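Q: What follows is a single structure, and I will ask about it in a moment.
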Amino acid sequence: MSSGAHARDLVDPFDRVVRDLRISVTDRCNFRCTYCMPSEGMQWMPRSEILTFEEIERIARICVERYGFDGIRLTGGEPTIRAHVTTLVAKLAALGVDLALTTNGATLRNSAFDLREAGLSRINISLDTLDREKFAQMTRRDELDNVLAGIQAAKSAGFDPVKINAVVERGVNDDEVVDLARFGRDEGLEMRFIEFMPLDASDEWQRAKVVGQAEIVDMIAAEWAVEQLPARGAAPANMWRYADGAGKVGVIPTVTNPFCGDCDRVRLTADGQFRTCLFATDEFDLRDAMRSGETDDQLAARIEAAVGTKWAGHQINQVNFIRPQRSMSQIGG
């Protein structure tokens, strides 16, 4: 790790050591997934409000060198549509961290090799359905073939494992859990099912639409013998191994069994707002601080102060849960 001997732990009020930075590089996306954004009328941020690569690298470097961060994940919107994103990947890879990227895969067939060459360590690709018609309904785009081609390109580029994320929504694609698991087994991919979260822009989330971890695992276990792997720690997914050796499958139970107690992550939005939780109601402005000439010491103090407000958990299951003001595409997945 390039953090050196000077790094010290960044600890939140609940004694969790923060080591993982999620960076949204753009609020723009080439999909309009129903659980993420409205079909029309998204107001994109002016480009002048979006952090430059140099500004992103600066915040990342402070987190890595001062606080020993060892993981960075690039998200969006859709990160691959940010022009020259491989340049940013190269800058962040030089920090010596585990560098990952989450993508919808639609343009990945054109960029997988370049991303790998630039130093990207790991990749997650979103795929909620294998049915073309349903894919078009869920994403409002007819891009299934391109996503499948992107998955193959990621494998060919040497990413291993290639992780596939599927948001499961009752009455929409919950009948495809076994099909998606089979796809993962057949293709040597690590399938991860994600419980439907209240981050859709159209406010249609209902608890009844959540297909919980237990139900998802039961569906898979009815088809193949699985055994649960040891506790996930700070990783969001609980993992199971197929007894016949055909890889692993995971579930991210954000609603029914959240990992808040072990959460080690913070977030930087595309417009430079620092957030301590995906569902946080407060943001801390690092962009204007940088652009007004603050030093690294001053920025580090802002980051420490923000982490000092990190809460115990997101309270989705509590009556006092407050939805974030921004949709998933604006916060960064």
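The chains in the structure tokens are called A, B, ... from first to last as shown; in each chain the residues are counted from 1, and the ligands are counted from 1 in the order shown.
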List as a ChimeraX atom specification the protein and nucleic acid residues near segment 44-55 of chain A, meaning an atom at most 7 Å away when only C-alpha atoms are counted, but skip any in the same chain fewer than 5 places from it.

A: /A:27-28,88,270-272,287

Q: Please identify all polymer residues within 6 Å of segment 188-199 of chain A, counting only C-alpha atoms, omitting same-chain residues fewer than 4 positions from it, and present them as number ranges by chain.

A: A: 162-169, 184, 205, 210, 248-253, 327-328

Q: Write out, as a JSON list (two decimals), in the first residue's frame, the residues just selected, with N, CA and C atoms.

A:
```json
[["chain", "number", "residue", "atom", "x", "y", "z"],
["A", 162, "VAL", "N", -15.47, -11.79, -12.51],
["A", 162, "VAL", "CA", -16.38, -10.76, -12.98],
["A", 162, "VAL", "C", -17.65, -10.92, -12.15],
["A", 163, "LYS", "N", -18.02, -9.87, -11.44],
["A", 163, "LYS", "CA", -19.21, -9.93, -10.59],
["A", 163, "LYS", "C", -20.41, -9.31, -11.30],
["A", 164, "ILE", "N", -21.53, -9.97, -11.20],
["A", 164, "ILE", "CA", -22.76, -9.50, -11.83],
["A", 164, "ILE", "C", -23.76, -9.15, -10.74],
["A", 165, "ASN", "N", -24.27, -7.93, -10.78],
["A", 165, "ASN", "CA", -25.24, -7.45, -9.79],
["A", 165, "ASN", "C", -26.65, -7.46, -10.37],
["A", 166, "ALA", "N", -27.59, -8.08, -9.67],
["A", 166, "ALA", "CA", -28.98, -8.09, -10.10],
["A", 166, "ALA", "C", -29.87, -7.60, -8.96],
["A", 167, "VAL", "N", -30.57, -6.50, -9.19],
["A", 167, "VAL", "CA", -31.55, -6.01, -8.22],
["A", 167, "VAL", "C", -32.83, -6.83, -8.41],
["A", 168, "VAL", "N", -33.31, -7.45, -7.34],
["A", 168, "VAL", "CA", -34.50, -8.31, -7.43],
["A", 168, "VAL", "C", -35.72, -7.54, -6.93],
["A", 169, "GLU", "N", -36.71, -7.42, -7.80],
["A", 169, "GLU", "CA", -37.93, -6.69, -7.46],
["A", 169, "GLU", "C", -39.13, -7.62, -7.64],
["A", 184, "GLY", "N", -24.73, -17.39, -14.13],
["A", 184, "GLY", "CA", -23.46, -17.19, -13.43],
["A", 184, "GLY", "C", -22.63, -18.46, -13.34],
["A", 205, "TRP", "N", -40.95, 2.83, -4.38],
["A", 205, "TRP", "CA", -40.47, 1.74, -3.53],
["A", 205, "TRP", "C", -41.52, 1.40, -2.48],
["A", 210, "VAL", "N", -39.81, -5.90, -1.93],
["A", 210, "VAL", "CA", -38.50, -6.44, -1.57],
["A", 210, "VAL", "C", -38.57, -7.96, -1.50],
["A", 248, "LYS", "N", -19.44, -19.32, -6.74],
["A", 248, "LYS", "CA", -20.11, -18.72, -5.59],
["A", 248, "LYS", "C", -21.27, -17.85, -6.05],
["A", 249, "VAL", "N", -22.18, -17.61, -5.11],
["A", 249, "VAL", "CA", -23.29, -16.70, -5.35],
["A", 249, "VAL", "C", -23.48, -15.87, -4.08],
["A", 250, "GLY", "N", -23.86, -14.61, -4.25],
["A", 250, "GLY", "CA", -24.00, -13.74, -3.09],
["A", 250, "GLY", "C", -25.33, -13.01, -3.05],
["A", 251, "VAL", "N", -25.65, -12.50, -1.87],
["A", 251, "VAL", "CA", -26.84, -11.66, -1.70],
["A", 251, "VAL", "C", -26.41, -10.42, -0.89],
["A", 252, "ILE", "N", -26.85, -9.25, -1.34],
["A", 252, "ILE", "CA", -26.62, -8.01, -0.60],
["A", 252, "ILE", "C", -27.95, -7.62, 0.04],
["A", 253, "PRO", "N", -28.11, -7.96, 1.34],
["A", 253, "PRO", "CA", -29.42, -7.81, 2.01],
["A", 253, "PRO", "C", -29.59, -6.44, 2.67],
["A", 327, "SER", "N", -31.61, 10.91, -6.06],
["A", 327, "SER", "CA", -31.80, 9.52, -6.52],
["A", 327, "SER", "C", -30.44, 8.81, -6.56],
["A", 328, "MET", "N", -30.49, 7.50, -6.75],
["A", 328, "MET", "CA", -29.28, 6.68, -6.79],
["A", 328, "MET", "C", -28.29, 7.19, -7.84]]
```

Q: Check the smallest atom-to-atom distance from each of A:Leu99, A:Asp244, A:Pro258, A:Asp174 to Val217 of chain A using only C-alpha atoms, then report the winner.

A: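 With only C-alpha atoms as the atom set, the closest residue is A:Asp174.
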
Q: Give me the residues near Phe135 of chain A as a list in words, where near means some atom within 12 Å (using only C-alpha atoms) and where sequence neighbours in that chain fewer than 5 positions away do not count.

A: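 The filter keeps Phe31, Arg32, Cys33, Thr34, Asn104, Ser126, Leu127, Asp128, Thr129, Leu130, Arg140, Arg141, Asp142, Glu143, Leu144, Asp145, Asn146, Val147, Leu148, Ala166, Val172, Asn173 and Glu176 of chain A.
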
Q: Kindly save the residues from that selection, with C-alpha atoms included, as an mmCIF file, in the first residue's frame.

A:
```cif
data_model
loop_
_atom_site.group_PDB
_atom_site.id
_atom_site.type_symbol
_atom_site.label_atom_id
_atom_site.label_comp_id
_atom_site.auth_asym_id
_atom_site.auth_seq_id
_atom_site.Cartn_x
_atom_site.Cartn_y
_atom_site.Cartn_z
ATOM 1 C CA PHE A 31 -29.909 3.805 -19.124
ATOM 2 C CA ARG A 32 -33.063 4.917 -17.293
ATOM 3 C CA CYS A 33 -33.509 2.014 -14.884
ATOM 4 C CA THR A 34 -36.894 2.168 -13.205
ATOM 5 C CA ASN A 104 -24.136 -1.277 -16.667
ATOM 6 C CA SER A 126 -25.354 -4.800 -13.552
ATOM 7 C CA LEU A 127 -27.697 -7.323 -15.176
ATOM 8 C CA ASP A 128 -31.200 -7.647 -13.752
ATOM 9 C CA THR A 129 -32.734 -9.913 -16.378
ATOM 10 C CA LEU A 130 -31.835 -12.190 -19.291
ATOM 11 C CA ARG A 140 -35.927 1.631 -20.852
ATOM 12 C CA ARG A 141 -33.194 0.713 -23.345
ATOM 13 C CA ASP A 142 -32.793 -2.235 -25.763
ATOM 14 C CA GLU A 143 -29.183 -2.991 -24.820
ATOM 15 C CA LEU A 144 -29.177 -6.592 -23.567
ATOM 16 C CA ASP A 145 -26.916 -7.891 -26.346
ATOM 17 C CA ASN A 146 -24.391 -5.130 -25.704
ATOM 18 C CA VAL A 147 -24.351 -5.887 -21.967
ATOM 19 C CA LEU A 148 -23.801 -9.596 -22.616
ATOM 20 C CA ALA A 166 -28.984 -8.093 -10.104
ATOM 21 C CA VAL A 172 -40.747 -7.824 -11.975
ATOM 22 C CA ASN A 173 -37.804 -10.229 -12.132
ATOM 23 C CA GLU A 176 -35.512 -15.144 -12.856
#
```

Q: Could you write out, as a list of chain:residue names, all the residues of segment 246-315 of chain A that DSSP marks as strand (DSSP E or B)?

A: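 Selection result, strand (DSSP E or B) within segment 246-315 of chain A: A:Lys248, A:Val249, A:Gly250, A:Val251, A:Ile252, A:Arg265, A:Val266, A:Arg267, A:Leu268, A:Gln273, A:Phe274, A:Arg275, A:Phe284, A:Asp285.
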
Q: Which distance in Å separates atom CA of Ala305 of chain A and atom CA of Arg73 of chain A, to one decimal?

A: 22.2 Å
